[in-house]
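Chemist: What follows is target06.cif, made up of mmCIF, C-alpha atoms and all ligand atoms:
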```
data_my_file
loop_
_atom_site.label_atom_id
_atom_site.label_comp_id
_atom_site.auth_asym_id
_atom_site.auth_seq_id
_atom_site.Cartn_x
_atom_site.Cartn_y
_atom_site.Cartn_z
CA MET A 27 12.69 109.86 23.57
CA SER A 28 13.05 113.27 22.11
CA THR A 29 14.97 116.38 23.05
CA ASP A 30 13.02 118.93 21.16
CA THR A 31 12.67 122.59 20.64
CA GLU A 32 9.44 122.22 18.70
CA PRO A 33 6.20 121.70 20.59
CA ALA A 34 4.60 118.27 20.71
CA ALA A 35 7.43 116.52 18.84
CA ASN A 36 6.79 113.34 20.75
CA PRO A 37 3.40 111.73 19.91
CA ALA A 38 3.04 110.66 23.56
CA LEU A 39 2.55 114.32 24.46
CA THR A 40 -0.66 114.56 22.45
CA ASP A 41 -1.91 110.98 22.83
CA PRO A 42 -5.17 111.24 24.84
CA ASP A 43 -4.35 107.93 26.56
CA SER A 44 -0.94 108.93 27.87
CA ARG A 45 -0.45 110.29 31.36
CA ILE A 46 2.04 113.14 31.40
CA ALA A 47 4.32 114.07 34.30
CA VAL A 48 6.62 117.10 34.34
CA VAL A 49 9.68 117.18 36.60
CA THR A 50 11.77 120.34 36.99
CA GLY A 51 15.39 120.09 38.10
CA ALA A 52 15.62 116.53 36.76
CA SER A 53 19.32 116.65 35.84
CA SER A 54 20.42 115.32 39.24
CA GLY A 55 19.36 114.26 42.72
CA ILE A 56 15.72 114.08 43.74
CA GLY A 57 14.36 115.27 40.38
CA GLU A 58 16.30 112.67 38.41
CA ALA A 59 15.18 109.87 40.75
CA ALA A 60 11.57 111.15 40.67
CA ALA A 61 11.55 111.08 36.87
CA ARG A 62 12.67 107.43 36.93
CA ALA A 63 10.04 106.53 39.54
CA LEU A 64 7.22 108.19 37.58
CA ALA A 65 8.35 106.62 34.28
CA ALA A 66 8.30 103.20 35.99
CA GLN A 67 4.63 103.87 36.81
CA GLY A 68 3.86 104.42 33.13
CA TYR A 69 3.96 108.21 32.98
CA HIS A 70 5.45 109.92 29.94
CA VAL A 71 7.84 112.18 31.82
CA VAL A 72 8.90 115.60 30.54
CA VAL A 73 12.19 116.45 32.24
CA GLY A 74 13.78 119.89 32.44
CA ALA A 75 16.91 121.58 33.81
CA ARG A 76 19.69 123.84 32.57
CA ARG A 77 22.22 121.02 31.94
CA VAL A 78 20.66 119.75 28.73
CA ASP A 79 23.18 116.90 28.20
CA ARG A 80 22.03 115.24 31.41
CA ILE A 81 18.38 115.86 30.57
CA THR A 82 18.82 114.30 27.14
CA ALA A 83 20.50 111.19 28.58
CA LEU A 84 17.75 110.78 31.19
CA ALA A 85 14.95 111.24 28.64
CA ASP A 86 16.65 108.60 26.47
CA GLU A 87 16.84 106.18 29.37
CA ILE A 88 13.21 106.53 30.52
CA GLY A 89 11.57 107.05 27.12
CA GLY A 90 10.49 110.57 28.04
CA THR A 91 10.92 114.05 26.63
CA GLY A 92 13.89 116.23 27.57
CA ARG A 93 13.78 120.01 27.28
CA GLN A 94 16.21 122.60 28.53
CA LEU A 95 14.72 124.71 31.30
CA ASP A 96 15.84 127.65 33.38
CA VAL A 97 13.03 128.32 35.84
CA THR A 98 14.35 131.84 36.46
CA ASP A 99 13.82 132.79 32.82
CA GLU A 100 10.30 133.60 31.61
CA GLN A 101 11.03 132.76 27.94
CA SER A 102 12.70 129.46 28.88
CA VAL A 103 9.59 128.43 30.85
CA THR A 104 7.34 129.45 27.96
CA ASP A 105 9.39 127.29 25.56
CA PHE A 106 9.49 124.42 28.06
CA VAL A 107 5.69 124.19 28.41
CA ALA A 108 4.95 124.66 24.69
CA GLY A 109 2.60 121.96 23.43
CA LEU A 110 1.89 120.60 26.90
CA ASP A 111 -1.90 120.84 26.83
CA ARG A 112 -2.67 118.11 29.36
CA VAL A 113 -0.42 117.47 32.35
CA HIS A 114 -1.33 115.07 35.16
CA VAL A 115 1.62 115.58 37.51
CA LEU A 116 3.92 118.54 38.03
CA VAL A 117 6.89 118.05 40.37
CA ASN A 118 8.26 121.48 41.31
CA ASN A 119 11.70 120.31 42.33
CA ALA A 120 14.24 122.72 40.78
CA GLY A 121 15.92 124.61 43.59
CA GLY A 122 18.58 124.55 46.22
CA ALA A 123 20.73 126.62 48.55
CA LYS A 124 23.71 128.92 48.16
CA GLY A 125 25.94 129.71 51.11
CA LEU A 126 25.49 129.40 54.86
CA ASP A 127 25.91 132.92 56.17
CA PRO A 128 24.52 134.85 59.12
CA VAL A 129 21.96 137.51 58.33
CA THR A 130 24.44 140.21 59.31
CA THR A 131 26.75 139.24 56.43
CA ALA A 132 24.05 138.11 53.99
CA ASN A 133 25.28 137.81 50.42
CA PHE A 134 22.63 139.41 48.19
CA ASP A 135 23.63 137.42 45.11
CA ASP A 136 23.10 134.16 47.01
CA TRP A 137 19.77 135.33 48.40
CA ARG A 138 18.65 136.43 44.95
CA TRP A 139 19.59 133.02 43.47
CA MET A 140 17.65 131.18 46.17
CA TRP A 141 14.53 133.35 45.86
CA GLU A 142 14.62 133.39 42.05
CA THR A 143 14.97 129.62 41.83
CA ASN A 144 12.94 128.17 44.70
CA VAL A 145 10.19 130.78 45.01
CA LEU A 146 9.71 132.60 41.71
CA GLY A 147 10.89 129.64 39.62
CA SER A 148 8.30 127.30 41.12
CA LEU A 149 5.64 130.00 40.79
CA ARG A 150 6.55 130.61 37.14
CA VAL A 151 6.29 126.93 36.15
CA THR A 152 3.12 126.41 38.18
CA LYS A 153 1.38 129.41 36.60
CA ALA A 154 2.39 128.26 33.13
CA LEU A 155 1.05 124.72 33.65
CA LEU A 156 -2.14 125.37 35.65
CA PRO A 157 -4.40 125.29 32.56
CA ALA A 158 -2.86 121.97 31.43
CA LEU A 159 -3.16 120.49 34.94
CA GLU A 160 -6.84 121.42 35.05
CA ALA A 161 -7.41 120.16 31.49
CA SER A 162 -6.15 116.71 32.48
CA GLY A 163 -9.19 116.31 34.74
CA ASP A 164 -6.93 114.95 37.50
CA GLY A 165 -3.94 117.22 38.05
CA LEU A 166 -1.42 116.95 40.87
CA ILE A 167 1.18 119.52 41.93
CA ILE A 168 3.98 118.20 44.12
CA SER A 169 6.25 120.88 45.60
CA ILE A 170 9.58 119.79 47.02
CA THR A 171 10.06 122.24 49.86
CA SER A 172 12.18 121.20 52.86
CA ILE A 173 12.24 121.05 56.62
CA ALA A 174 13.75 124.51 56.00
CA ALA A 175 10.16 125.50 55.14
CA LEU A 176 9.11 124.53 58.66
CA GLU A 177 12.03 125.64 60.81
CA ALA A 178 14.67 128.34 61.18
CA TYR A 179 18.35 127.58 61.74
CA ASP A 180 21.48 129.63 62.30
CA ASN A 181 23.11 130.95 59.12
CA GLY A 182 20.31 129.52 56.99
CA ALA A 183 17.94 132.49 56.57
CA GLY A 184 18.49 132.87 52.83
CA TYR A 185 17.37 129.29 52.24
CA THR A 186 14.79 128.97 55.04
CA SER A 187 13.09 132.21 54.00
CA ALA A 188 12.97 131.08 50.36
CA LYS A 189 11.62 127.63 51.27
CA HIS A 190 9.03 129.18 53.61
CA ALA A 191 7.90 131.47 50.77
CA GLN A 192 7.75 128.59 48.28
CA ALA A 193 5.73 126.53 50.77
CA ILE A 194 3.29 129.33 51.62
CA THR A 195 2.64 129.91 47.92
CA HIS A 196 1.95 126.19 47.49
CA ARG A 197 -0.34 126.06 50.55
CA THR A 198 -2.23 129.16 49.37
CA LEU A 199 -2.85 127.47 46.03
CA ARG A 200 -4.36 124.49 47.87
CA TYR A 201 -7.06 126.89 49.12
CA GLU A 202 -7.45 128.82 45.89
CA LEU A 203 -7.88 125.69 43.75
CA LEU A 204 -10.49 124.07 45.99
CA GLY A 205 -13.28 122.83 43.69
CA LYS A 206 -10.96 122.31 40.73
CA PRO A 207 -9.62 118.87 39.76
CA ILE A 208 -6.11 119.59 41.01
CA ARG A 209 -4.46 118.08 44.08
CA LEU A 210 -1.52 119.63 45.90
CA THR A 211 1.12 117.85 47.95
CA GLU A 212 4.05 119.44 49.73
CA ILE A 213 6.98 117.13 50.39
CA ALA A 214 9.43 118.47 52.98
CA PRO A 215 12.59 116.37 53.22
CA GLY A 216 15.36 116.64 55.77
CA MET A 217 18.90 115.72 54.84
CA VAL A 218 19.19 114.00 51.41
CA GLU A 219 22.60 113.13 49.95
CA THR A 220 22.61 114.72 46.47
CA ASP A 221 24.56 117.56 44.85
CA PHE A 222 22.66 119.92 47.18
CA SER A 223 25.61 120.62 49.51
CA LEU A 224 28.08 120.77 46.63
CA VAL A 225 25.98 123.56 45.09
CA ARG A 226 25.49 125.23 48.49
CA PHE A 227 29.25 125.30 49.11
CA ASP A 228 30.10 126.41 45.58
CA GLY A 229 31.79 123.16 44.47
CA ASP A 230 33.75 122.50 47.70
CA GLN A 231 33.51 118.68 47.67
CA GLU A 232 35.24 118.20 51.04
CA ARG A 233 32.86 120.56 52.81
CA ALA A 234 29.88 118.96 51.07
CA ASP A 235 30.97 115.42 51.99
CA ALA A 236 31.42 116.44 55.63
CA VAL A 237 27.70 117.23 55.88
CA TYR A 238 26.81 113.57 55.36
CA GLN A 239 29.69 111.94 57.24
CA GLY A 240 28.89 110.23 60.53
CA LEU A 241 25.21 109.70 59.82
CA THR A 242 22.98 107.97 57.29
CA PRO A 243 21.13 110.57 55.21
CA LEU A 244 18.14 109.93 52.96
CA SER A 245 18.89 109.08 49.33
CA ALA A 246 17.25 110.74 46.34
CA GLU A 247 15.50 107.41 45.72
CA ASP A 248 13.96 107.49 49.23
CA VAL A 249 12.26 110.77 48.33
CA ALA A 250 11.37 109.59 44.82
CA GLU A 251 9.54 106.58 46.28
CA VAL A 252 7.35 108.95 48.27
CA ILE A 253 6.71 111.04 45.15
CA GLY A 254 5.68 107.84 43.34
CA PHE A 255 3.35 106.92 46.21
CA VAL A 256 1.68 110.34 46.11
CA ALA A 257 1.23 110.16 42.32
CA SER A 258 -0.40 106.73 42.54
CA ARG A 259 -3.22 107.66 44.95
CA PRO A 260 -6.76 107.83 43.53
CA PRO A 261 -8.05 111.29 42.48
CA HIS A 262 -10.12 111.90 45.64
CA VAL A 263 -7.10 111.45 47.98
CA ASN A 264 -5.03 114.57 48.67
CA LEU A 265 -1.88 114.05 50.73
CA ASP A 266 -1.40 117.65 51.90
CA GLN A 267 2.03 117.57 53.51
CA ILE A 268 4.68 114.90 53.99
CA VAL A 269 7.78 115.45 56.14
CA LEU A 270 10.53 112.84 55.86
CA LYS A 271 13.88 112.82 57.61
CA PRO A 272 16.65 110.33 58.20
CA ARG A 273 16.34 108.46 61.49
CA ASP A 274 19.63 110.16 62.42
CA GLN A 275 18.15 113.66 62.10
CA ALA A 276 15.55 115.01 64.53
CA SER A 277 15.35 118.56 63.15
CA ALA A 278 17.26 120.99 60.95
CA ARG A 279 19.39 121.86 63.99
CA ARG A 280 19.70 118.44 65.67
CA ASN A 281 21.17 115.19 64.40
CA ILE A 282 23.26 112.40 65.92
CA LYS A 283 26.42 114.44 65.33
CA THR A 284 25.20 117.63 66.96
CA GLY A 285 23.36 115.83 69.79
P1 LIG A 301 20.57 118.81 43.33
O1 LIG A 301 21.09 117.44 43.07
O2 LIG A 301 21.53 119.95 43.38
O3 LIG A 301 19.43 119.11 42.26
C1 LIG A 301 18.93 120.41 42.01
C2 LIG A 301 18.27 120.42 40.66
O4 LIG A 301 17.71 121.72 40.44
C3 LIG A 301 19.25 120.15 39.52
O5 LIG A 301 18.67 119.27 38.61
C4 LIG A 301 19.46 121.52 38.89
O6 LIG A 301 19.69 121.37 37.48
C5 LIG A 301 18.07 122.14 39.13
N1 LIG A 301 18.10 123.59 39.01
C6 LIG A 301 18.80 124.50 39.74
N2 LIG A 301 18.58 125.73 39.29
C7 LIG A 301 17.73 125.62 38.23
C8 LIG A 301 17.14 126.53 37.32
N3 LIG A 301 17.38 127.85 37.40
N4 LIG A 301 16.32 126.05 36.36
C9 LIG A 301 16.08 124.74 36.26
N5 LIG A 301 16.59 123.81 37.08
C10 LIG A 301 17.42 124.25 38.05
O7 LIG A 301 19.80 118.85 44.75
P2 LIG A 301 18.51 118.07 45.27
O8 LIG A 301 18.77 117.76 46.68
O9 LIG A 301 18.08 116.98 44.37
O10 LIG A 301 17.43 119.26 45.25
C11 LIG A 301 16.15 119.13 44.70
C12 LIG A 301 15.16 119.94 45.53
O11 LIG A 301 15.08 119.36 46.83
C13 LIG A 301 15.53 121.41 45.75
O12 LIG A 301 14.38 122.21 45.64
C14 LIG A 301 16.07 121.41 47.18
O13 LIG A 301 15.92 122.69 47.77
C15 LIG A 301 15.17 120.37 47.81
N6 LIG A 301 15.65 119.75 49.05
C16 LIG A 301 16.86 119.15 49.11
C17 LIG A 301 17.29 118.59 50.30
C18 LIG A 301 18.64 117.91 50.46
O14 LIG A 301 19.09 117.73 51.60
N7 LIG A 301 19.28 117.49 49.40
C19 LIG A 301 16.47 118.63 51.43
C20 LIG A 301 15.22 119.26 51.33
C21 LIG A 301 14.82 119.81 50.13
P3 LIG A 301 20.64 122.29 36.58
O15 LIG A 301 21.77 122.76 37.46
O16 LIG A 301 21.05 121.37 35.48
O17 LIG A 301 19.76 123.41 36.11
#
```
What would you get if you wrote out this structure as structure tokens?

Modeler:
Amino acid sequence: MSTDTEPAANPALTDPDSRIAVVTGASSGIGEAAARALAAQGYHVVVGARRVDRITALADEIGGTGRQLDVTDEQSVTDFVAGLDRVHVLVNNAGGAKGLDPVTTANFDDWRWMWETNVLGSLRVTKALLPALEASGDGLIISITSIAALEAYDNGAGYTSAKHAQAITHRTLRYELLGKPIRLTEIAPGMVETDFSLVRFDGDQERADAVYQGLTPLSAEDVAEVIGFVASRPPHVNLDQIVLKPRDQASARRNIKTG
């Protein structure tokens, strides 16, 4: 393990035999579980998020490299990718939602946060790591979008528009990179019980808990298993898009509680 500010502090990062995976937003939820799943497959996992204490603890646990990362900050991304010359897997996971407001009362700060993080943040990290993904000879970009990238729902336009934009950027790259040794997989989960709702409702635990009461949501590990499956396919197999939802949820607008 190393939590470093200097490039290539961990010899695994420059060892030609090691397979490197990068997971953004690995300090909780899906990203944290994905980092564990990829480490269990033998990847040296570089984990990033703003809460560096959590990143350090996770890197310690999985024998990876922890680096602080704010995907909305150009310099932070530049520092995060320093010394990463060969990357086999990038999981663009950092993101989330803020608020649940109708368009008529849209909160611009919330919208800005969602677009900066989900859309421009994923773009920023992807751009920075494209040369390293190509240099690996077998690169894979996994974007965690959402069923919000496939549907619209009342009061959700800030998030659904951001997830649609993130997804379209990812799908465009699938076309633009044709012929290069880089695969692209979009994973679009439905309801997953993580800190997602706590962040969306600005720390209101009761409101966040209510989202998951009365049904069985997916767990972060359920999604991480799928990420692990994608990352363990042979280089000629490209899983383009995977949608996974709890049995109790039929769409963003319909679950066993709403009927
Ligand atoms: P989560 O537990 O809140 O995790 C979000 C992660 O993103 C955290 O590690 C957070 O770390 C990181 N993050 C947020 N802003 C960041 C920034 N500016 N720079 C770097 N990292 C940042 O929620 P989650 O459910 O695991 O969410 C992961 C992804 O899945 C998100 O893209 C979300 O939109 C998507 N998703 C979630 C669900 C769901 O129901 N939970 C469904 C579909 C899709 P720090 O705060 O430490 O920076």

Chemist: Nearest residue to Leu159 (chain A) out of A:Gly122, A:Glu232, A:Trp137, A:Val48, using only C-alpha atoms?

Modeler: A:Val48

Chemist: Edge lengths and centre in Å to one decimal, as lines of an AutoDock Vina configuration file, is what I'm after for the box along x, y and z that holds all listed atoms of ligand LIG 301 (chain A) once 3 Å is added on each side.

Modeler:
```
center_x = 18.1
center_y = 122.4
center_z = 43.5
size_x = 13.4
size_y = 16.9
size_z = 22.1
```

Chemist: Would you please work out which residue, of A:Ala52, A:Val252, A:Ala132, A:Met217, is nearest to Val237 (chain A) when using all atoms listed in the file?

Modeler: A:Met217

Chemist: Just checking: using only C-alpha atoms and all ligand atoms, which residue out of A:Tyr69, A:Phe134, A:Trp139, A:Phe222 ends up closest to ligand LIG 301 (chain A)?

Modeler: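 Once distances to ligand LIG 301 (chain A) are computed over only C-alpha atoms and all ligand atoms, the minimum belongs to A:Phe222.
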
Chemist: Neighbourhood query: residues within 12 Å of (8.9, 133.1, 50.5), file coordinates, counting all atoms listed in the file; return as an NGL selection string.

Modeler: :A and (137-138 or 140-149 or 171 or 174-176 or 183-198)

Chemist: Let me have all residues with an atom within 6 Å of ligand LIG 301 (chain A), counting all atoms listed in the file, laid out as JSON, numbers by chain.

Modeler: {"A": [50, 51, 52, 53, 54, 55, 56, 57, 75, 76, 77, 95, 96, 97, 98, 119, 120, 121, 122, 143, 170, 171, 172, 215, 216, 217, 218, 219, 220, 221, 222, 225]}

Chemist: Separation of CA of Leu39 (chain A) and CA of Ala158 (chain A), in Å?

Modeler: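 CA of Ala158 (chain A) lies 11.7 Å from CA of Leu39 (chain A).
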
Chemist: CA of Ile167 (chain A) and CA of Pro243 (chain A) are how many Å apart?

Modeler: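 Taking CA of Ile167 (chain A) as the start and CA of Pro243 (chain A) as the end point, the length is 25.6 Å.
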